[in-house]
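Enquirer: I'd like to ask you about the structure that follows.
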Amino acid sequence: MQQMVRISVSMDEKLLGEIDRAAAKEGRNRSEFLRHAVEEYFAQEEAKERRRRAMEKAITIQDKIRAKTKPWDAVGFIRKMRTANR
């Protein structure tokens, strides 16, 4: 385990009370609870960044495919399919 460093954080009493209640509910002390919350925050931010990069990659791929194909009228195609199925 890495060496722990003590820090000082200021917050209002209501928030501190909520943290203490949530920590007790999870069977953690205040430090463990806050450490876990910060770790979860960073994990979520990393996941958001991975999703953003994946979306950018997908858009880039779509743009390349679109550039190689002729224009396509999706709405017109759906209308033709609906008409043909009547």
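FYI, nothing fancy with the structure tokens labels: chains A, B, ... in order, residues from 1 per chain, ligands from 1 as they appear.
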Write out as number ranges by chain the set of residues from chain A that DSSP, computed on the backbone, places in helix (DSSP H, G or I).
Expert: A: 13-26, 30-68, 74-84
Enquirer: What's the 9 Å shell around Ile19 in chain A, counting only C-alpha atoms, without same-chain residues fewer than 3 positions away, as a list in words?
Expert: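 The neighbour list is Lys14, Leu15, Leu16, Ala22, Ala23, Ala24, Arg30, Phe33 and Leu34 of chain A.
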Enquirer: Could you state the separation of CA of Val5 in chain A and CA of Lys25 in chain A in Å, given to one decimal place?
Expert: 24.9 Å
